[in-house]
$ cat structure_8.csv   # CSV, C-alpha atoms and all ligand atoms
chain,number,residue,atom,x,y,z
A,1,MET,CA,117.7,58.8,20.3
A,2,LYS,CA,115.4,61.3,21.9
A,3,ILE,CA,112.0,60.0,23.1
A,4,LEU,CA,109.0,62.0,24.2
A,5,VAL,CA,107.1,60.3,27.0
A,6,THR,CA,103.8,62.0,27.7
A,7,GLY,CA,102.4,61.2,31.2
A,8,GLY,CA,106.0,60.3,32.0
A,9,LEU,CA,105.5,60.9,35.8
A,10,GLY,CA,102.6,58.6,36.0
A,11,PHE,CA,102.6,55.0,37.2
A,12,ILE,CA,103.5,53.1,34.0
A,13,GLY,CA,105.1,56.2,32.4
A,14,SER,CA,107.7,56.7,35.2
A,15,HIS,CA,108.8,53.0,35.1
A,16,THR,CA,109.1,53.2,31.3
A,17,VAL,CA,111.2,56.4,31.6
A,18,VAL,CA,113.6,54.4,33.9
A,19,CYS,CA,113.9,51.6,31.3
A,20,LEU,CA,114.5,54.1,28.5
A,21,LEU,CA,117.2,55.9,30.4
A,22,ASN,CA,118.9,52.6,31.4
A,23,GLN,CA,119.1,51.7,27.8
A,24,GLY,CA,120.7,54.9,26.7
A,25,PHE,CA,117.8,56.9,25.3
A,26,GLU,CA,117.5,60.6,25.9
A,27,VAL,CA,114.1,61.2,27.4
A,28,THR,CA,111.9,64.3,27.5
A,29,ILE,CA,108.8,64.1,29.7
A,30,ILE,CA,105.5,66.0,29.4
A,31,ASP,CA,103.1,65.8,32.3
A,32,ASN,CA,100.5,68.1,33.7
A,33,LEU,CA,100.8,66.6,37.3
A,34,SER,CA,97.0,66.1,37.4
A,35,ASN,CA,97.5,62.6,38.7
A,36,SER,CA,101.2,62.5,39.5
A,37,SER,CA,103.8,64.3,41.6
A,38,ILE,CA,107.0,66.2,40.7
A,39,SER,CA,108.7,64.1,43.3
A,40,VAL,CA,108.6,61.2,40.9
A,41,LEU,CA,111.2,63.0,38.8
A,42,GLU,CA,113.6,62.8,41.8
A,43,GLY,CA,112.8,59.0,42.1
A,44,ILE,CA,113.7,58.5,38.5
A,45,THR,CA,117.0,60.4,38.9
A,46,ARG,CA,117.9,58.4,42.1
A,47,ILE,CA,117.5,55.2,40.2
A,48,THR,CA,119.2,56.1,36.9
A,49,GLN,CA,121.6,58.9,38.0
A,50,GLU,CA,120.1,60.8,35.0
A,51,SER,CA,117.8,63.8,34.8
A,52,PRO,CA,115.3,63.7,32.0
A,53,THR,CA,114.0,67.0,30.8
A,54,PHE,CA,110.5,67.8,32.1
A,55,SER,CA,107.9,70.2,30.7
A,56,ARG,CA,104.8,70.8,32.7
A,57,ILE,CA,102.3,71.0,29.9
A,58,ASP,CA,98.6,70.2,29.8
A,59,LEU,CA,98.2,68.6,26.4
A,60,ARG,CA,94.7,70.0,26.1
A,61,ASP,CA,96.4,73.3,25.4
A,62,LYS,CA,96.8,73.0,21.7
A,63,GLN,CA,99.1,76.0,21.4
A,64,LYS,CA,101.5,74.7,24.1
A,65,VAL,CA,101.6,71.3,22.3
A,66,ALA,CA,102.5,73.1,19.0
A,67,ASP,CA,105.2,75.2,20.8
A,68,PHE,CA,106.7,72.1,22.4
A,69,PHE,CA,107.1,70.3,19.0
A,70,GLU,CA,108.4,73.6,17.5
A,71,VAL,CA,111.3,73.5,20.0
A,72,ASN,CA,111.8,69.7,19.9
A,73,GLN,CA,111.9,68.9,16.3
A,74,ASP,CA,114.5,66.2,16.9
A,75,ILE,CA,112.2,63.7,18.6
A,76,ASP,CA,112.7,60.1,17.3
A,77,GLY,CA,109.7,58.5,19.0
A,78,VAL,CA,106.7,59.3,21.2
A,79,ILE,CA,105.2,57.1,24.0
A,80,HIS,CA,101.8,58.5,24.8
A,81,PHE,CA,100.6,57.7,28.3
A,82,ALA,CA,99.0,61.0,29.3
A,83,ALA,CA,95.3,60.2,29.9
A,84,SER,CA,92.8,59.8,32.7
A,85,LYS,CA,92.2,56.2,33.8
A,86,ALA,CA,89.6,55.8,36.5
A,87,VAL,CA,86.6,53.9,35.2
A,88,GLY,CA,84.1,55.2,37.8
A,89,GLU,CA,85.2,58.8,37.4
A,90,SER,CA,84.8,58.6,33.7
A,91,VAL,CA,81.1,57.7,34.2
A,92,GLU,CA,80.7,60.8,36.3
A,93,LYS,CA,82.7,63.1,34.0
A,94,PRO,CA,82.5,61.8,30.5
A,95,LEU,CA,83.3,65.1,28.8
A,96,LEU,CA,86.5,65.5,30.8
A,97,TYR,CA,87.6,62.0,29.8
A,98,TYR,CA,86.9,62.6,26.1
A,99,GLU,CA,88.8,65.9,26.3
A,100,ASN,CA,91.7,64.5,28.2
A,101,ASN,CA,92.1,61.2,26.3
A,102,ILE,CA,90.9,62.1,22.8
A,103,ASN,CA,91.7,65.8,22.2
A,104,THR,CA,95.2,65.4,23.6
A,105,LEU,CA,95.8,62.4,21.4
A,106,VAL,CA,94.7,64.3,18.3
A,107,TYR,CA,96.8,67.3,19.2
A,108,VAL,CA,99.9,65.2,19.6
A,109,LEU,CA,99.3,63.4,16.3
A,110,GLN,CA,98.6,66.7,14.5
A,111,GLU,CA,102.0,68.1,15.6
A,112,MET,CA,103.8,64.9,14.8
A,113,ARG,CA,102.2,65.1,11.3
A,114,ARG,CA,103.3,68.7,10.9
A,115,LYS,CA,106.9,67.8,11.7
A,116,GLN,CA,106.6,64.4,9.9
A,117,LEU,CA,107.5,62.5,13.0
A,118,SER,CA,106.8,58.8,13.4
A,119,ASN,CA,107.2,56.0,15.9
A,120,PHE,CA,104.2,56.3,18.2
A,121,ILE,CA,103.4,53.9,21.1
A,122,PHE,CA,99.9,54.1,22.5
A,123,SER,CA,98.8,53.1,25.9
A,124,SER,CA,95.7,51.0,25.4
A,125,SER,CA,93.9,48.5,27.6
A,126,CYS,CA,92.4,45.0,27.7
A,127,THR,CA,89.2,46.9,28.5
A,128,VAL,CA,88.6,47.1,24.8
A,129,TYR,CA,87.7,43.4,24.8
A,130,GLY,CA,85.0,43.7,27.5
A,131,GLN,CA,84.0,40.2,28.7
A,132,ALA,CA,85.6,38.2,25.9
A,133,ASP,CA,83.8,35.1,24.6
A,134,ASN,CA,87.0,33.0,24.6
A,135,LEU,CA,89.9,32.9,27.1
A,136,PRO,CA,92.8,33.5,27.0
A,137,ILE,CA,92.1,36.7,25.0
A,138,THR,CA,93.9,37.1,21.6
A,139,GLU,CA,94.4,40.3,19.7
A,140,GLU,CA,91.8,38.9,17.2
A,141,ALA,CA,89.0,38.9,19.9
A,142,PRO,CA,86.2,41.3,18.9
A,143,ILE,CA,86.1,44.8,20.3
A,144,LYS,CA,83.0,44.8,22.5
A,145,LYS,CA,80.8,47.9,23.1
A,146,ALA,CA,82.6,49.9,25.8
A,147,GLU,CA,81.2,49.7,29.3
A,148,SER,CA,82.4,53.2,30.3
A,149,PRO,CA,83.6,56.4,28.8
A,150,TYR,CA,87.1,55.5,29.8
A,151,GLY,CA,86.9,52.2,27.9
A,152,ASN,CA,85.4,54.1,24.9
A,153,THR,CA,88.3,56.5,24.9
A,154,LYS,CA,90.7,53.6,24.5
A,155,GLN,CA,88.7,52.1,21.6
A,156,ILE,CA,88.4,55.5,19.9
A,157,GLY,CA,92.1,56.3,20.5
A,158,GLU,CA,93.1,53.1,18.8
A,159,ARG,CA,90.7,53.8,15.9
A,160,ILE,CA,92.1,57.3,15.5
A,161,ILE,CA,95.6,56.0,15.3
A,162,SER,CA,94.8,53.2,12.8
A,163,ASP,CA,92.8,55.6,10.6
A,164,TYR,CA,95.7,58.0,10.5
A,165,ALA,CA,98.3,55.3,9.9
A,166,LYS,CA,96.2,53.9,7.0
A,167,ASP,CA,96.7,56.9,4.8
A,168,HIS,CA,100.1,58.1,6.0
A,169,LYS,CA,102.5,55.3,5.3
A,170,TYR,CA,105.5,57.2,6.8
A,171,PHE,CA,103.8,57.0,10.2
A,172,LYS,CA,104.2,53.9,12.3
A,173,ALA,CA,102.4,53.1,15.5
A,174,ILE,CA,101.9,50.3,18.1
A,175,ALA,CA,99.0,50.1,20.5
A,176,LEU,CA,99.7,48.1,23.7
A,177,ARG,CA,96.7,46.6,25.4
A,178,TYR,CA,97.7,46.2,29.1
A,179,PHE,CA,96.0,43.7,31.3
A,180,ASN,CA,96.2,44.7,35.0
A,181,PRO,CA,99.4,46.7,35.8
A,182,VAL,CA,100.7,46.2,39.3
A,183,GLY,CA,103.9,46.4,41.4
A,184,ALA,CA,106.7,48.9,41.6
A,185,HIS,CA,110.3,49.4,40.8
A,186,PRO,CA,112.4,47.0,42.9
A,187,SER,CA,114.2,50.0,44.5
A,188,ALA,CA,110.8,51.3,45.7
A,189,GLU,CA,111.9,54.8,44.5
A,190,ILE,CA,108.9,54.9,42.3
A,191,GLY,CA,105.5,53.1,42.3
A,192,GLU,CA,101.8,53.6,42.1
A,193,LEU,CA,100.5,56.8,43.7
A,194,PRO,CA,96.7,56.7,43.9
A,195,ILE,CA,95.1,60.0,44.9
A,196,GLY,CA,92.4,59.5,47.5
A,197,VAL,CA,90.8,56.1,48.1
A,198,PRO,CA,92.3,53.6,45.6
A,199,GLN,CA,89.8,52.1,43.2
A,200,ASN,CA,92.2,49.3,42.0
A,201,LEU,CA,92.7,46.1,43.9
A,202,ILE,CA,96.5,46.1,44.7
A,203,PRO,CA,96.8,49.7,46.1
A,204,PHE,CA,93.7,49.0,48.2
A,205,ILE,CA,95.3,45.8,49.5
A,206,THR,CA,98.6,47.4,50.4
A,207,GLN,CA,97.0,50.4,52.0
A,208,THR,CA,94.8,48.1,54.1
A,209,ALA,CA,97.8,46.0,55.2
A,210,ALA,CA,99.5,49.3,56.1
A,211,GLY,CA,96.5,50.3,58.3
A,212,LYS,CA,95.4,53.2,56.2
A,213,ARG,CA,92.1,51.4,55.3
A,214,ASP,CA,90.1,49.3,57.7
A,215,MET,CA,89.2,46.4,55.4
A,216,LEU,CA,89.3,45.3,51.9
A,217,SER,CA,86.0,44.6,50.2
A,218,VAL,CA,86.0,41.7,47.8
A,219,PHE,CA,83.5,42.6,45.2
A,220,GLY,CA,81.4,39.4,44.9
A,221,ASP,CA,82.2,35.7,45.4
A,222,ASP,CA,79.3,34.4,43.3
A,223,TYR,CA,80.9,34.6,39.9
A,224,PRO,CA,81.2,31.5,37.8
A,225,THR,CA,84.8,30.9,38.7
A,226,GLU,CA,86.5,28.3,40.8
A,227,ASP,CA,86.4,30.3,44.1
A,228,GLY,CA,83.6,32.7,43.0
A,229,THR,CA,85.8,35.8,42.7
A,230,CYS,CA,86.8,37.6,39.5
A,231,ILE,CA,89.9,36.6,37.6
A,232,ARG,CA,92.5,39.0,36.1
A,233,ASP,CA,95.9,38.9,34.6
A,234,TYR,CA,98.2,41.0,36.9
A,235,ILE,CA,101.3,42.1,35.1
A,236,HIS,CA,104.3,43.7,36.8
A,237,VAL,CA,104.8,47.3,35.8
A,238,MET,CA,108.6,46.6,35.2
A,239,ASP,CA,107.6,44.0,32.6
A,240,LEU,CA,105.2,46.5,31.0
A,241,ALA,CA,107.8,49.2,31.0
A,242,GLU,CA,110.3,46.9,29.3
A,243,ALA,CA,107.6,46.0,26.7
A,244,HIS,CA,107.3,49.7,25.7
A,245,VAL,CA,111.0,49.9,25.0
A,246,VAL,CA,110.9,46.7,23.0
A,247,ALA,CA,107.9,48.0,21.0
A,248,LEU,CA,109.6,51.3,20.4
A,249,LYS,CA,112.8,49.6,19.2
A,250,ARG,CA,110.7,47.6,16.8
A,251,LEU,CA,109.5,50.8,15.2
A,252,LEU,CA,112.9,52.6,15.3
A,253,ASN,CA,114.6,49.6,13.7
A,254,LYS,CA,111.9,49.3,11.1
A,255,ASN,CA,111.1,45.7,12.2
A,256,ASN,CA,107.4,46.3,12.3
A,257,GLY,CA,105.0,44.2,10.1
A,258,GLN,CA,102.3,46.7,9.3
A,259,ASN,CA,102.5,50.4,10.1
A,260,TYR,CA,99.9,50.0,12.8
A,261,GLU,CA,100.0,47.0,15.1
A,262,VAL,CA,98.4,45.9,18.4
A,263,PHE,CA,99.8,43.7,21.1
A,264,ASN,CA,98.4,42.3,24.4
A,265,LEU,CA,100.6,42.8,27.4
A,266,GLY,CA,99.9,40.3,30.1
A,267,THR,CA,101.4,37.3,31.9
A,268,GLY,CA,98.9,34.9,30.3
A,269,LYS,CA,98.0,33.7,33.8
A,270,GLY,CA,94.7,34.6,35.5
A,271,ASN,CA,94.4,34.9,39.3
A,272,SER,CA,91.3,35.3,41.3
A,273,VAL,CA,90.8,38.1,43.9
A,274,LEU,CA,91.1,35.5,46.7
A,275,GLU,CA,94.3,34.1,45.2
A,276,VAL,CA,95.8,37.6,45.1
A,277,ILE,CA,94.9,38.1,48.8
A,278,LYS,CA,96.4,34.7,49.7
A,279,THR,CA,99.6,35.4,47.8
A,280,PHE,CA,99.9,38.8,49.3
A,281,GLU,CA,99.6,37.4,52.8
A,282,LYS,CA,102.1,34.7,52.1
A,283,VAL,CA,104.8,36.8,50.5
A,284,THR,CA,104.5,39.7,53.0
A,285,GLN,CA,103.6,37.8,56.2
A,286,GLN,CA,100.8,40.4,56.7
A,287,LYS,CA,97.3,39.4,57.7
A,288,LEU,CA,94.8,41.2,55.4
A,289,PRO,CA,91.4,42.0,56.8
A,290,TYR,CA,88.7,41.5,54.1
A,291,LYS,CA,85.0,40.9,53.7
A,292,ILE,CA,82.9,39.7,50.8
A,293,THR,CA,80.6,42.4,49.6
A,294,ALA,CA,78.2,42.8,46.6
A,295,ARG,CA,79.5,42.7,43.0
A,296,ARG,CA,80.9,46.0,41.6
A,297,GLU,CA,78.9,47.3,38.7
A,298,GLY,CA,80.7,46.9,35.4
A,299,ASP,CA,83.1,44.2,36.5
A,300,ILE,CA,83.7,41.4,34.0
A,301,ILE,CA,84.1,37.9,35.3
A,302,SER,CA,87.4,36.9,33.8
A,303,ALA,CA,90.2,38.3,31.6
A,304,TYR,CA,93.7,37.1,30.9
A,305,ALA,CA,95.9,37.5,27.9
A,306,ASP,CA,97.0,35.2,25.2
A,307,THR,CA,100.6,36.3,25.1
A,308,GLN,CA,101.7,34.4,22.0
A,309,LYS,CA,101.7,37.4,19.6
A,310,ALA,CA,103.7,39.5,22.1
A,311,ASN,CA,106.1,36.6,22.7
A,312,SER,CA,106.7,35.6,19.1
A,313,VAL,CA,106.2,38.8,17.1
A,314,LEU,CA,107.3,41.4,19.5
A,315,GLY,CA,109.9,39.2,21.2
A,316,TRP,CA,108.8,40.1,24.7
A,317,LYS,CA,107.7,37.9,27.6
A,318,SER,CA,106.9,38.8,31.2
A,319,LYS,CA,109.6,37.9,33.7
A,320,TYR,CA,108.0,38.5,37.0
A,321,ASN,CA,105.1,36.6,38.7
A,322,LEU,CA,102.3,37.7,40.9
A,323,ALA,CA,104.3,37.1,44.1
A,324,ASP,CA,107.2,39.3,42.8
A,325,ALA,CA,104.7,42.1,41.9
A,326,LEU,CA,102.9,42.0,45.3
A,327,LYS,CA,106.2,42.0,47.1
A,328,SER,CA,107.4,45.1,45.3
A,329,ALA,CA,104.0,46.8,45.8
A,330,TRP,CA,104.3,46.2,49.5
A,331,LYS,CA,107.9,47.4,49.7
A,332,TRP,CA,106.7,50.6,47.9
A,333,GLN,CA,103.7,51.0,50.3
A,334,GLN,CA,106.0,50.7,53.3
A,335,LYS,CA,108.0,53.7,52.1
A,336,GLN,CA,105.0,55.9,51.9
A,337,GLU,CA,104.2,57.9,55.1
B,401,LIG,C1,90.1,48.5,35.6
B,401,LIG,C2,89.7,48.7,34.2
B,401,LIG,C3,91.0,48.7,33.3
B,401,LIG,C4,91.9,49.7,33.8
B,401,LIG,C5,92.2,49.4,35.2
B,401,LIG,C6,93.2,50.4,35.8
B,401,LIG,C7,87.7,47.7,33.1
B,401,LIG,C8,86.9,46.5,32.8
B,401,LIG,N1,88.9,47.6,33.8
B,401,LIG,O1,90.5,47.1,35.7
B,401,LIG,O2,90.6,48.9,32.0
B,401,LIG,O3,93.0,49.7,33.0
B,401,LIG,O4,91.0,49.4,36.0
B,401,LIG,O5,92.6,51.6,36.0
B,401,LIG,O6,87.3,48.8,32.8
B,401,LIG,N2,88.4,44.4,43.5
B,401,LIG,C9,87.9,44.1,44.7
B,401,LIG,N3,88.0,45.1,45.7
B,401,LIG,C10,88.6,46.3,45.5
B,401,LIG,C11,89.1,46.6,44.2
B,401,LIG,C12,89.0,45.6,43.2
B,401,LIG,O7,87.4,43.0,45.0
B,401,LIG,O8,88.6,47.1,46.4
B,401,LIG,C13,88.4,43.4,42.4
B,401,LIG,C14,87.5,43.8,41.2
B,401,LIG,O9,86.2,43.4,41.4
B,401,LIG,C15,88.3,43.0,40.1
B,401,LIG,C16,89.7,43.0,40.6
B,401,LIG,O10,89.7,43.2,42.0
B,401,LIG,O11,87.8,41.7,40.0
B,401,LIG,C17,90.6,44.0,39.9
B,401,LIG,O12,90.0,45.3,40.0
B,401,LIG,P1,90.8,46.6,39.6
B,401,LIG,O13,92.1,46.6,40.2
B,401,LIG,O14,89.9,47.7,39.8
B,401,LIG,O15,91.0,46.4,38.0
B,401,LIG,P2,90.0,46.2,36.8
B,401,LIG,O16,88.6,46.5,37.2
B,401,LIG,O17,90.2,44.8,36.4
$ encode --input "structure_8.csv" --output "structure tokens"
Amino acid sequence: MKILVTGGLGFIGSHTVVCLLNQGFEVTIIDNLSNSSISVLEGITRITQESPTFSRIDLRDKQKVADFFEVNQDIDGVIHFAASKAVGESVEKPLLYYENNINTLVYVLQEMRRKQLSNFIFSSSCTVYGQADNLPITEEAPIKKAESPYGNTKQIGERIISDYAKDHKYFKAIALRYFNPVGAHPSAEIGELPIGVPQNLIPFITQTAAGKRDMLSVFGDDYPTEDGTCIRDYIHVMDLAEAHVVALKRLLNKNNGQNYEVFNLGTGKGNSVLEVIKTFEKVTQQKLPYKITARREGDIISAYADTQKANSVLGWKSKYNLADALKSAWKWQQKQE
């Protein structure tokens, strides 16, 4: 079975490629290297002893997308990761985000339609729920007005896919709503590669412990939570990667319920920022310098997944805990120069 992975050299994409190769899939990657590095391909090969084919294509180039599908008509499924993902940047450059995340999705779907290809997995986010009224968050929770252009692109992306699937019964798709992806492959051959100053908590923590950053800022300790800091559901990237393969097989084996489905991917457990810091210090024996600062604009108080649907319908459950994820992220950080 031949699977196209767009954004396959990115953080979640590369780990998913490893899982696919380990399970005998043939993989072809498209990536424009805008937020990834060609060295990731070598990491994938060192882990799997396999070399997936790679095409450096920017999916905004409609003709190149068409050319790719013309040559690769034998694709059995598509996992679409390619997108921009920084919330703050999306506020500064909304048009870039709409072009990168929406145009590219439409172009890929148009070419899949032309070739009558099915089995589409979409990279979505728990950001579609905003601050949910009830915790843990189920897939039935209402979609709240997006706080950022990035969040809006995930909502619109899901809508585009469900609209298309509605009238094209041959086409099957699953949207996976990730909570907070963290960690790295246990070999530390691949991991998260933030460009510039990391915006996300875990890479900021590991870079601070490594001495690359002076101090971690904890954005607010006056939230209505037990210790006053925000709560998130940190899910190991290896668990996420595995979930993509499970979701893909559900479509390939025609086990899906409707032809468009959504699943939350999280551990079901919420951890506060201070708990993350403490766990990191404990499992790595590193002292982490941090200070409490003002709240970050746009942050929600608390989000963690209800994992029941993913557990029972998809047949997937996370295996790793926060300590495992932080340990692997630290091992990966130590390998960076
Ligand atoms: C954000 C997005 C999410 C996106 C993810 C990855 C929202 C609501 N969330 O998640 O959709 O998939 O980024 O790009 O749009 N923190 C600090 N200090 C730091 C960094 C973070 O205290 O230096 C805190 C934050 O306030 C937050 C927690 O750590 O409480 C996690 O933050 P972060 O890793 O940025 O992820 P989210 O904002 O949850």
$ residues_near_ligand --input "structure_8.csv" --ligand "ligand LIG 401 (chain B)" --cutoff "8 Å" --atoms "all atoms listed in the file" --output "ChimeraX atom specification"
/A:85-87,125-128,130,147-148,150-151,178-181,198-202,204-205,216-220,229-232,272-273,295-296,298-302
$ residues_around --input "structure_8.csv" --residues "Leu252 in chain A" --least-positions-apart "2" --cutoff "9 Å" --atoms "only C-alpha atoms" --output "PyMOL selection string"
chain A and resi 76-77+118-119+247-250+254-256
$ closest_atom_pairs --input "structure_8.csv" --of "range 8-89 of chain A" --to "range 96-109 of chain A" --cutoff "7 Å" --atoms "only C-alpha atoms" --output "tab-separated table"
residue	atom	partner	partner_atom	distance
A:Leu59	CA	A:Thr104	CA	5.2
A:Arg60	CA	A:Thr104	CA	5.3
A:Lys62	CA	A:Tyr107	CA	6.2
A:Val65	CA	A:Val108	CA	6.9
A:Ala83	CA	A:Asn101	CA	4.9
A:Ser84	CA	A:Tyr97	CA	6.3
$ atom_distance --input "structure_8.csv" --atom1 "CA of Arg56 in chain A" --atom2 "CA of Leu33 in chain A"
7.4 Å
$ closest_residue --input "structure_8.csv" --among "A:Asp306, A:Asp214, A:Glu111, A:Glu226" --to "Tyr290 in chain A" --atoms "only C-alpha atoms"
A:Asp214
$ atom_distance --input "structure_8.csv" --atom1 "CA of Ser39 in chain A" --atom2 "CA of Lys154 in chain A"
28.1 Å
$ residues_around --input "structure_8.csv" --residues "Asp239 in chain A" --least-positions-apart "5" --cutoff "9 Å" --atoms "all atoms listed in the file" --output "list in words"
His244, Leu265, Gly266, Trp316, Lys317, Ser318, Lys319 and Tyr320 of chain A
$ write_last_selection --input "structure_8.csv" --atoms "C-alpha atoms" --output "PDB file, keeping the file's coordinate frame"
ATOM      1  CA  HIS A 244     107.300  49.700  25.700  1.00  0.00           C
ATOM      2  CA  LEU A 265     100.600  42.800  27.400  1.00  0.00           C
ATOM      3  CA  GLY A 266      99.900  40.300  30.100  1.00  0.00           C
ATOM      4  CA  TRP A 316     108.800  40.100  24.700  1.00  0.00           C
ATOM      5  CA  LYS A 317     107.700  37.900  27.600  1.00  0.00           C
ATOM      6  CA  SER A 318     106.900  38.800  31.200  1.00  0.00           C
ATOM      7  CA  LYS A 319     109.600  37.900  33.700  1.00  0.00           C
ATOM      8  CA  TYR A 320     108.000  38.500  37.000  1.00  0.00           C
TER       9      TYR A 320
END
$ atom_distance --input "structure_8.csv" --atom1 "CA of Gly24 in chain A" --atom2 "CA of Met112 in chain A"
23.0 Å
$ closest_residue --input "structure_8.csv" --among "A:Asn259, A:Gln336, A:Gln308, A:Asn32" --to "Ser162 in chain A" --atoms "only C-alpha atoms"
A:Asn259
$ decode --input "structure_8.csv" --residues "range 236-296 of chain A" --atoms "C-alpha atoms" --output "CSV table (one decimal), in the first residue's frame"
chain,number,residue,atom,x,y,z
A,236,HIS,CA,3.5,11.7,23.2
A,237,VAL,CA,4.2,12.1,19.4
A,238,MET,CA,4.8,8.4,19.1
A,239,ASP,CA,1.2,7.7,20.4
A,240,LEU,CA,-0.1,10.3,17.9
A,241,ALA,CA,1.9,8.8,15.0
A,242,GLU,CA,0.5,5.3,15.9
A,243,ALA,CA,-3.0,6.8,15.9
A,244,HIS,CA,-2.6,8.0,12.3
A,245,VAL,CA,-1.8,4.5,11.2
A,246,VAL,CA,-4.7,3.1,13.1
A,247,ALA,CA,-7.0,5.7,11.5
A,248,LEU,CA,-5.6,5.0,8.0
A,249,LYS,CA,-6.2,1.3,8.4
A,250,ARG,CA,-9.7,2.0,9.5
A,251,LEU,CA,-10.4,3.6,6.1
A,252,LEU,CA,-8.3,1.1,4.1
A,253,ASN,CA,-10.1,-1.8,5.7
A,254,LYS,CA,-13.5,-0.1,5.2
A,255,ASN,CA,-14.2,-0.2,8.9
A,256,ASN,CA,-15.3,3.4,9.1
A,257,GLY,CA,-18.8,4.3,10.3
A,258,GLN,CA,-19.6,7.4,8.3
A,259,ASN,CA,-17.4,8.6,5.4
A,260,TYR,CA,-16.3,11.6,7.5
A,261,GLU,CA,-15.3,11.0,11.1
A,262,VAL,CA,-13.5,13.0,13.8
A,263,PHE,CA,-11.5,11.8,16.8
A,264,ASN,CA,-9.8,13.4,19.7
A,265,LEU,CA,-6.2,12.3,20.3
A,266,GLY,CA,-5.1,12.9,23.8
A,267,THR,CA,-4.1,11.0,27.0
A,268,GLY,CA,-7.3,12.1,28.8
A,269,LYS,CA,-5.1,13.5,31.6
A,270,GLY,CA,-4.6,17.2,32.2
A,271,ASN,CA,-1.3,18.6,33.6
A,272,SER,CA,-0.6,22.1,34.7
A,273,VAL,CA,2.5,24.1,33.6
A,274,LEU,CA,4.0,23.7,37.1
A,275,GLU,CA,3.4,20.0,37.1
A,276,VAL,CA,5.1,19.7,33.7
A,277,ILE,CA,8.1,21.6,35.1
A,278,LYS,CA,8.3,19.4,38.2
A,279,THR,CA,8.0,16.2,36.2
A,280,PHE,CA,10.7,17.4,33.9
A,281,GLU,CA,13.0,18.2,36.8
A,282,LYS,CA,12.4,14.8,38.3
A,283,VAL,CA,12.9,12.6,35.3
A,284,THR,CA,15.9,14.5,33.9
A,285,GLN,CA,17.5,15.5,37.2
A,286,GLN,CA,17.9,19.0,35.7
A,287,LYS,CA,17.1,22.2,37.6
A,288,LEU,CA,14.9,24.4,35.5
A,289,PRO,CA,15.1,28.1,36.0
A,290,TYR,CA,11.7,29.7,35.6
A,291,LYS,CA,9.7,32.8,36.6
A,292,ILE,CA,6.0,33.6,36.7
A,293,THR,CA,5.0,36.3,34.3
A,294,ALA,CA,1.8,37.8,32.9
A,295,ARG,CA,-0.7,35.6,31.1
A,296,ARG,CA,-0.2,35.1,27.4
